[in-house]
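Take a look at the structure set out below.
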Amino acid sequence: MGRYFRADTESDGWSTDHARLRLASVRGNSHRYYRKPRQDSAAATFHAASETIVFAVADGVSAASLPELGSMLACEAAIGAVLRQLDAGQGEFDWAAVVRQAAAALTVRATAILAGTGPGPGAAPAASPPPTPGPAPAPAARPAPHPAAVPEPPLAPAPHLAPAPAAHPAPDPAQVERLLATTLVVGTARPVPGGLEVRLSRAGDSGAWVLDLDRAAYRPLFAPKYDPDAVIVSNAVVPLPRCPDPAELGGCLLVAGQVLLVGTDGFGDPLGDGDGQVGALFARELAEPPSAAWLAHVLDFSRQTFDDDRTLIAIWPGAGAGRPA
């Protein structure tokens with residue numbers, strides 16, 4: 001599993017008055033075989049004051065040294081940036097700022113790692129040195145004096161007055177990318193008359209789709225990863241900390257009979273245009289919100305040559321009935 005612990009599989013599910021959400025992230029067979037951690041991450045939360053669901057999905061780039069850490073940091077930073085904008089009552093989201101703040105979080109952690117002060121989550125603490133032999137035991141001491149007779153030690157300086165550690169120069173973007181490169185899709189879903197208003201932004205090649213349950217059809221909300229008319233197909237990814245300029249945006253009005261799907265390419269590549277067996281599987285299994293554990297089970301399907309990590313967030317419009325069992 002490397003230096004950091006990450007669960008093989010994560011799943012979650014909950015409901016609001018206007019929507020139901022399920023989330024699952026599953027380690028791919030390739031990473032299981034080679035004993036590498038799951039490099040995908042996903043997170044979702046609810047901003048009660050605005051009744052807005054905020055979510056993010058990220059796929060750490062395998063060529064990076066710590067892609068599992070990069071994807072987790074990007075999700076946390078992006079959701080935090082959106083929540084701050086919601087708290088401030090912004091009418092329109094500044095999605096470019098959200099993506100920049102996610103990229104900045106990678107730079108901050110890369111700076112700490114290169115300076116030797118930021119080991120990342122789950123790292124085992126350094127082993128204590130073996131005890132050194134000391135002098136022979138002294139004779140029994142007299143009883144300690146009453147605490148009131150013991151002078152107090154001098155006060156330590158307040159944290160803000162303590163000398164700051166020497167600053168480490170910020171790494172250049174190429175260094176950050178080599179350490180923590182990751183894709184990112186961040187978005188919101190809030191109730192409006194007729195359904196849920198969905199707004200999205202992304203960096204890299206993770207995707208989002210609307211599943212029409214009546215037609216079992218998938219509509220991508222971003223440009224497809226591969227151009228079917230292209231003579232040469234490229235697998236190149238432009239991940240964070242590089243930020244798209246202008247910001248790549250997507251969105252829709254999600255209505256009854258539809259499901260919003262946000263996922264990494266471990267789900268999107270085998271899905272393709274949705275006309276195959278994988279599309280049929282998810283159209284059937286997502287006709288109603290399954291348990292979070294069942295979504296993880298379905299996401300862990302076997303399909304020859306598709307062995308990457310898979311992460312999916314699914315949101316259905318409509319009233320919920322509390323947290324699922």
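Following the order of the structure tokens, chains are lettered A, B, ..., residues in each are numbered from 1, and ligands are numbered from 1.
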Hey, what's within 12 Å of region 99-105 of chain A if we count only C-alpha atoms and toss same-chain stuff fewer than 5 positions away? As a ChimeraX atom specification, please? /A:56,58,69-82,84,93-94,110-112,170-173,176-177,180-187,200-204,239-249
Which of region 253-304 of chain A fall in helix (DSSP H, G or I), as a PDB file with N, CA, C and O atoms, in the first residue's frame:
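Written out: states-v4.pdb:
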ATOM      1  N   ASP A 265     -12.133   8.796 -15.172  1.00  0.00           N
ATOM      2  CA  ASP A 265     -12.125   8.060 -16.436  1.00  0.00           C
ATOM      3  C   ASP A 265     -12.127   6.546 -16.224  1.00  0.00           C
ATOM      4  O   ASP A 265     -12.371   5.793 -17.166  1.00  0.00           O
ATOM      5  N   GLY A 266     -11.892   6.099 -14.984  1.00  0.00           N
ATOM      6  CA  GLY A 266     -12.052   4.670 -14.716  1.00  0.00           C
ATOM      7  C   GLY A 266     -13.487   4.220 -14.913  1.00  0.00           C
ATOM      8  O   GLY A 266     -13.748   3.059 -15.233  1.00  0.00           O
ATOM      9  N   PHE A 267     -14.432   5.159 -14.731  1.00  0.00           N
ATOM     10  CA  PHE A 267     -15.832   4.905 -15.072  1.00  0.00           C
ATOM     11  C   PHE A 267     -16.137   5.369 -16.490  1.00  0.00           C
ATOM     12  O   PHE A 267     -16.796   4.666 -17.267  1.00  0.00           O
ATOM     13  N   GLY A 268     -15.658   6.545 -16.875  1.00  0.00           N
ATOM     14  CA  GLY A 268     -16.018   7.120 -18.163  1.00  0.00           C
ATOM     15  C   GLY A 268     -15.489   6.353 -19.356  1.00  0.00           C
ATOM     16  O   GLY A 268     -16.182   6.243 -20.375  1.00  0.00           O
ATOM     17  N   ASP A 269     -14.269   5.808 -19.262  1.00  0.00           N
ATOM     18  CA  ASP A 269     -13.718   5.091 -20.422  1.00  0.00           C
ATOM     19  C   ASP A 269     -14.518   3.836 -20.762  1.00  0.00           C
ATOM     20  O   ASP A 269     -14.892   3.638 -21.925  1.00  0.00           O
ATOM     21  N   PRO A 270     -14.807   2.941 -19.805  1.00  0.00           N
ATOM     22  CA  PRO A 270     -15.633   1.784 -20.160  1.00  0.00           C
ATOM     23  C   PRO A 270     -17.071   2.155 -20.503  1.00  0.00           C
ATOM     24  O   PRO A 270     -17.745   1.434 -21.244  1.00  0.00           O
ATOM     25  N   LEU A 271     -17.569   3.303 -19.975  1.00  0.00           N
ATOM     26  CA  LEU A 271     -18.921   3.739 -20.329  1.00  0.00           C
ATOM     27  C   LEU A 271     -18.994   4.135 -21.787  1.00  0.00           C
ATOM     28  O   LEU A 271     -19.963   3.799 -22.486  1.00  0.00           O
ATOM     29  N   GLN A 277     -22.519  -2.539 -22.781  1.00  0.00           N
ATOM     30  CA  GLN A 277     -22.951  -3.282 -21.603  1.00  0.00           C
ATOM     31  C   GLN A 277     -22.808  -2.473 -20.322  1.00  0.00           C
ATOM     32  O   GLN A 277     -23.656  -2.573 -19.417  1.00  0.00           O
ATOM     33  N   VAL A 278     -21.752  -1.660 -20.225  1.00  0.00           N
ATOM     34  CA  VAL A 278     -21.564  -0.865 -19.015  1.00  0.00           C
ATOM     35  C   VAL A 278     -22.673   0.176 -18.888  1.00  0.00           C
ATOM     36  O   VAL A 278     -23.248   0.380 -17.813  1.00  0.00           O
ATOM     37  N   GLY A 279     -23.033   0.820 -19.994  1.00  0.00           N
ATOM     38  CA  GLY A 279     -24.125   1.784 -19.962  1.00  0.00           C
ATOM     39  C   GLY A 279     -25.436   1.139 -19.560  1.00  0.00           C
ATOM     40  O   GLY A 279     -26.211   1.700 -18.769  1.00  0.00           O
ATOM     41  N   ALA A 280     -25.703  -0.045 -20.110  1.00  0.00           N
ATOM     42  CA  ALA A 280     -26.942  -0.762 -19.771  1.00  0.00           C
ATOM     43  C   ALA A 280     -26.955  -1.155 -18.297  1.00  0.00           C
ATOM     44  O   ALA A 280     -27.995  -1.077 -17.622  1.00  0.00           O
ATOM     45  N   LEU A 281     -25.784  -1.573 -17.777  1.00  0.00           N
ATOM     46  CA  LEU A 281     -25.694  -1.968 -16.363  1.00  0.00           C
ATOM     47  C   LEU A 281     -26.066  -0.812 -15.444  1.00  0.00           C
ATOM     48  O   LEU A 281     -26.898  -0.958 -14.539  1.00  0.00           O
ATOM     49  N   PHE A 282     -25.481   0.355 -15.677  1.00  0.00           N
ATOM     50  CA  PHE A 282     -25.728   1.468 -14.768  1.00  0.00           C
ATOM     51  C   PHE A 282     -27.117   2.076 -14.978  1.00  0.00           C
ATOM     52  O   PHE A 282     -27.719   2.563 -14.013  1.00  0.00           O
ATOM     53  N   ALA A 283     -27.634   2.054 -16.180  1.00  0.00           N
ATOM     54  CA  ALA A 283     -29.002   2.531 -16.389  1.00  0.00           C
ATOM     55  C   ALA A 283     -29.987   1.669 -15.600  1.00  0.00           C
ATOM     56  O   ALA A 283     -30.973   2.178 -15.046  1.00  0.00           O
ATOM     57  N   ARG A 284     -29.709   0.390 -15.525  1.00  0.00           N
ATOM     58  CA  ARG A 284     -30.593  -0.514 -14.774  1.00  0.00           C
ATOM     59  C   ARG A 284     -30.413  -0.348 -13.271  1.00  0.00           C
ATOM     60  O   ARG A 284     -31.397  -0.234 -12.527  1.00  0.00           O
ATOM     61  N   GLU A 285     -29.155  -0.304 -12.812  1.00  0.00           N
ATOM     62  CA  GLU A 285     -28.895  -0.280 -11.373  1.00  0.00           C
ATOM     63  C   GLU A 285     -29.172   1.084 -10.741  1.00  0.00           C
ATOM     64  O   GLU A 285     -29.369   1.167  -9.525  1.00  0.00           O
ATOM     65  N   ALA A 292     -25.359   2.768  -0.710  1.00  0.00           N
ATOM     66  CA  ALA A 292     -24.007   3.182  -1.068  1.00  0.00           C
ATOM     67  C   ALA A 292     -23.100   1.974  -1.285  1.00  0.00           C
ATOM     68  O   ALA A 292     -22.268   1.957  -2.200  1.00  0.00           O
ATOM     69  N   ALA A 293     -23.270   0.933  -0.471  1.00  0.00           N
ATOM     70  CA  ALA A 293     -22.441  -0.263  -0.616  1.00  0.00           C
ATOM     71  C   ALA A 293     -22.724  -0.965  -1.941  1.00  0.00           C
ATOM     72  O   ALA A 293     -21.810  -1.490  -2.589  1.00  0.00           O
ATOM     73  N   TRP A 294     -23.999  -0.959  -2.364  1.00  0.00           N
ATOM     74  CA  TRP A 294     -24.325  -1.616  -3.633  1.00  0.00           C
ATOM     75  C   TRP A 294     -23.743  -0.842  -4.810  1.00  0.00           C
ATOM     76  O   TRP A 294     -23.281  -1.435  -5.786  1.00  0.00           O
ATOM     77  N   LEU A 295     -23.740   0.493  -4.736  1.00  0.00           N
ATOM     78  CA  LEU A 295     -23.117   1.269  -5.804  1.00  0.00           C
ATOM     79  C   LEU A 295     -21.639   0.911  -5.919  1.00  0.00           C
ATOM     80  O   LEU A 295     -21.118   0.743  -7.035  1.00  0.00           O
ATOM     81  N   ALA A 296     -20.948   0.772  -4.794  1.00  0.00           N
ATOM     82  CA  ALA A 296     -19.541   0.381  -4.835  1.00  0.00           C
ATOM     83  C   ALA A 296     -19.381  -0.997  -5.462  1.00  0.00           C
ATOM     84  O   ALA A 296     -18.453  -1.240  -6.244  1.00  0.00           O
ATOM     85  N   HIS A 297     -20.300  -1.910  -5.138  1.00  0.00           N
ATOM     86  CA  HIS A 297     -20.249  -3.256  -5.717  1.00  0.00           C
ATOM     87  C   HIS A 297     -20.430  -3.207  -7.233  1.00  0.00           C
ATOM     88  O   HIS A 297     -19.684  -3.845  -7.986  1.00  0.00           O
ATOM     89  N   VAL A 298     -21.399  -2.447  -7.698  1.00  0.00           N
ATOM     90  CA  VAL A 298     -21.646  -2.339  -9.140  1.00  0.00           C
ATOM     91  C   VAL A 298     -20.463  -1.676  -9.835  1.00  0.00           C
ATOM     92  O   VAL A 298     -20.052  -2.079 -10.936  1.00  0.00           O
ATOM     93  N   LEU A 299     -19.881  -0.671  -9.206  1.00  0.00           N
ATOM     94  CA  LEU A 299     -18.757   0.048  -9.797  1.00  0.00           C
ATOM     95  C   LEU A 299     -17.529  -0.843  -9.927  1.00  0.00           C
ATOM     96  O   LEU A 299     -16.654  -0.586 -10.763  1.00  0.00           O
TER      97      LEU A 299
END
Skipping near chain neighbours, those fewer than 2 positions away, what residues fall within 6 Å of Asp40 (chain A) using only C-alpha atoms, listed as a ChimeraX atom specification? /A:38,58-60
Give the answer as one residue: which of A:Thr9, A:Phe55, A:Val98, A:Glu288 has the shortest atom-to-atom distance to Asn29 (chain A), using only C-alpha atoms?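 The closest residue to Asn29 (chain A) is A:Thr9.
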Taking only C-alpha atoms into account, name the residue in A:Arg190, A:His31, A:Asp273, A:Val238 that is nearest to Pro224 (chain A). A:Asp273
Which of these residues is nearest to Trp316 (chain A), using only C-alpha atoms: A:Gly251, A:Gly195, A:Gly91, A:Gly272?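 Smallest separation from Trp316 (chain A) among the options: A:Gly195.
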Show which residues sit within 7 Å of Val210 (chain A), as a list in words. Count only C-alpha atoms, and ignore same-chain residues fewer than 5 positions away.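 Using only C-alpha atoms, the neighbours found are Tyr218, Arg219, Pro220, Gln258, Val259, Leu260 and Leu261 of chain A.
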Kindly give the distance, in Å, that separates CA of Cys252 (chain A) and CA of Phe301 (chain A), rounded to a single decimal.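 CA of Phe301 (chain A) lies 28.4 Å from CA of Cys252 (chain A).
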Residues within 10 Å of Pro191 (chain A), only C-alpha atoms, excluding chain neighbours under 6 positions, as a PDB file with all heavy atoms, in the first residue's frame:
ATOM      1  N   ASP A  17     -33.847  17.397   1.434  1.00  0.00           N
ATOM      2  CA  ASP A  17     -35.265  17.568   1.111  1.00  0.00           C
ATOM      3  C   ASP A  17     -35.518  17.586  -0.385  1.00  0.00           C
ATOM      4  O   ASP A  17     -36.659  17.426  -0.821  1.00  0.00           O
ATOM      5  CB  ASP A  17     -35.797  18.875   1.720  1.00  0.00           C
ATOM      6  CG  ASP A  17     -35.887  18.816   3.230  1.00  0.00           C
ATOM      7  OD1 ASP A  17     -35.910  17.695   3.778  1.00  0.00           O
ATOM      8  OD2 ASP A  17     -35.918  19.889   3.867  1.00  0.00           O
ATOM      9  N   HIS A  18     -34.466  17.790  -1.176  1.00  0.00           N
ATOM     10  CA  HIS A  18     -34.658  17.961  -2.618  1.00  0.00           C
ATOM     11  C   HIS A  18     -33.817  17.019  -3.482  1.00  0.00           C
ATOM     12  O   HIS A  18     -33.929  17.063  -4.709  1.00  0.00           O
ATOM     13  CB  HIS A  18     -34.330  19.403  -3.019  1.00  0.00           C
ATOM     14  CG  HIS A  18     -35.132  20.425  -2.282  1.00  0.00           C
ATOM     15  ND1 HIS A  18     -36.434  20.737  -2.618  1.00  0.00           N
ATOM     16  CD2 HIS A  18     -34.828  21.197  -1.204  1.00  0.00           C
ATOM     17  CE1 HIS A  18     -36.894  21.669  -1.797  1.00  0.00           C
ATOM     18  NE2 HIS A  18     -35.946  21.959  -0.927  1.00  0.00           N
ATOM     19  N   ALA A  19     -33.002  16.185  -2.883  1.00  0.00           N
ATOM     20  CA  ALA A  19     -32.107  15.346  -3.691  1.00  0.00           C
ATOM     21  C   ALA A  19     -31.649  14.147  -2.880  1.00  0.00           C
ATOM     22  O   ALA A  19     -31.720  14.132  -1.649  1.00  0.00           O
ATOM     23  CB  ALA A  19     -30.904  16.158  -4.152  1.00  0.00           C
ATOM     24  N   SER A  50     -28.037  27.510   1.980  1.00  0.00           N
ATOM     25  CA  SER A  50     -28.470  27.667   0.595  1.00  0.00           C
ATOM     26  C   SER A  50     -29.079  26.399   0.013  1.00  0.00           C
ATOM     27  O   SER A  50     -29.431  26.375  -1.174  1.00  0.00           O
ATOM     28  CB  SER A  50     -27.283  28.094  -0.272  1.00  0.00           C
ATOM     29  OG  SER A  50     -26.279  27.090  -0.264  1.00  0.00           O
ATOM     30  N   GLU A  51     -29.176  25.331   0.832  1.00  0.00           N
ATOM     31  CA  GLU A  51     -29.704  24.032   0.397  1.00  0.00           C
ATOM     32  C   GLU A  51     -28.941  23.500  -0.818  1.00  0.00           C
ATOM     33  O   GLU A  51     -29.514  22.889  -1.711  1.00  0.00           O
ATOM     34  CB  GLU A  51     -31.198  24.131   0.082  1.00  0.00           C
ATOM     35  CG  GLU A  51     -32.058  24.507   1.275  1.00  0.00           C
ATOM     36  CD  GLU A  51     -33.533  24.431   0.952  1.00  0.00           C
ATOM     37  OE1 GLU A  51     -33.972  25.085  -0.019  1.00  0.00           O
ATOM     38  OE2 GLU A  51     -34.249  23.693   1.649  1.00  0.00           O
ATOM     39  N   THR A  52     -27.627  23.723  -0.834  1.00  0.00           N
ATOM     40  CA  THR A  52     -26.796  23.352  -1.978  1.00  0.00           C
ATOM     41  C   THR A  52     -25.919  22.157  -1.646  1.00  0.00           C
ATOM     42  O   THR A  52     -25.244  22.144  -0.609  1.00  0.00           O
ATOM     43  CB  THR A  52     -25.910  24.542  -2.393  1.00  0.00           C
ATOM     44  OG1 THR A  52     -26.740  25.649  -2.741  1.00  0.00           O
ATOM     45  CG2 THR A  52     -25.031  24.183  -3.582  1.00  0.00           C
ATOM     46  N   ILE A  53     -25.920  21.162  -2.517  1.00  0.00           N
ATOM     47  CA  ILE A  53     -24.961  20.061  -2.436  1.00  0.00           C
ATOM     48  C   ILE A  53     -23.686  20.499  -3.147  1.00  0.00           C
ATOM     49  O   ILE A  53     -23.727  21.013  -4.267  1.00  0.00           O
ATOM     50  CB  ILE A  53     -25.528  18.786  -3.085  1.00  0.00           C
ATOM     51  CG1 ILE A  53     -26.759  18.291  -2.313  1.00  0.00           C
ATOM     52  CG2 ILE A  53     -24.466  17.690  -3.139  1.00  0.00           C
ATOM     53  CD1 ILE A  53     -27.463  17.132  -2.986  1.00  0.00           C
ATOM     54  N   GLU A 197     -30.553  22.761 -10.180  1.00  0.00           N
ATOM     55  CA  GLU A 197     -29.619  23.487 -11.032  1.00  0.00           C
ATOM     56  C   GLU A 197     -28.218  22.978 -10.733  1.00  0.00           C
ATOM     57  O   GLU A 197     -27.733  23.067  -9.601  1.00  0.00           O
ATOM     58  CB  GLU A 197     -29.698  24.985 -10.754  1.00  0.00           C
ATOM     59  CG  GLU A 197     -28.742  25.796 -11.614  1.00  0.00           C
ATOM     60  CD  GLU A 197     -28.691  27.256 -11.195  1.00  0.00           C
ATOM     61  OE1 GLU A 197     -28.346  27.525 -10.014  1.00  0.00           O
ATOM     62  OE2 GLU A 197     -29.010  28.109 -12.032  1.00  0.00           O
ATOM     63  N   VAL A 198     -27.549  22.438 -11.754  1.00  0.00           N
ATOM     64  CA  VAL A 198     -26.221  21.856 -11.607  1.00  0.00           C
ATOM     65  C   VAL A 198     -25.209  22.760 -12.294  1.00  0.00           C
ATOM     66  O   VAL A 198     -25.413  23.181 -13.444  1.00  0.00           O
ATOM     67  CB  VAL A 198     -26.164  20.444 -12.229  1.00  0.00           C
ATOM     68  CG1 VAL A 198     -24.739  19.894 -12.187  1.00  0.00           C
ATOM     69  CG2 VAL A 198     -27.120  19.506 -11.506  1.00  0.00           C
ATOM     70  N   LEU A 253     -30.076  21.614 -16.036  1.00  0.00           N
ATOM     71  CA  LEU A 253     -31.204  21.526 -15.114  1.00  0.00           C
ATOM     72  C   LEU A 253     -31.558  20.053 -15.014  1.00  0.00           C
ATOM     73  O   LEU A 253     -31.967  19.436 -16.011  1.00  0.00           O
ATOM     74  CB  LEU A 253     -32.399  22.334 -15.620  1.00  0.00           C
ATOM     75  CG  LEU A 253     -33.667  22.210 -14.773  1.00  0.00           C
ATOM     76  CD1 LEU A 253     -33.453  22.794 -13.381  1.00  0.00           C
ATOM     77  CD2 LEU A 253     -34.862  22.873 -15.464  1.00  0.00           C
ATOM     78  N   LEU A 254     -31.361  19.477 -13.837  1.00  0.00           N
ATOM     79  CA  LEU A 254     -31.617  18.057 -13.623  1.00  0.00           C
ATOM     80  C   LEU A 254     -33.061  17.894 -13.174  1.00  0.00           C
ATOM     81  O   LEU A 254     -33.476  18.455 -12.155  1.00  0.00           O
ATOM     82  CB  LEU A 254     -30.659  17.516 -12.559  1.00  0.00           C
ATOM     83  CG  LEU A 254     -30.553  16.010 -12.416  1.00  0.00           C
ATOM     84  CD1 LEU A 254     -29.844  15.392 -13.621  1.00  0.00           C
ATOM     85  CD2 LEU A 254     -29.787  15.645 -11.140  1.00  0.00           C
ATOM     86  N   PRO A 317     -32.730  14.010  -8.448  1.00  0.00           N
ATOM     87  CA  PRO A 317     -33.614  15.047  -7.905  1.00  0.00           C
ATOM     88  C   PRO A 317     -34.812  14.418  -7.213  1.00  0.00           C
ATOM     89  O   PRO A 317     -35.203  13.283  -7.537  1.00  0.00           O
ATOM     90  CB  PRO A 317     -34.041  15.834  -9.148  1.00  0.00           C
ATOM     91  CG  PRO A 317     -33.950  14.838 -10.257  1.00  0.00           C
ATOM     92  CD  PRO A 317     -32.834  13.905  -9.904  1.00  0.00           C
ATOM     93  N   GLY A 318     -35.363  15.112  -6.246  1.00  0.00           N
ATOM     94  CA  GLY A 318     -36.545  14.588  -5.558  1.00  0.00           C
ATOM     95  C   GLY A 318     -36.343  14.553  -4.071  1.00  0.00           C
ATOM     96  O   GLY A 318     -35.208  14.587  -3.572  1.00  0.00           O
TER      97      GLY A 318
END
One number please: CA of Ile315 (chain A) to CA of Pro193 (chain A), in Å, one decimal.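 We find that CA of Ile315 (chain A) and CA of Pro193 (chain A) lie 16.9 Å from each other.
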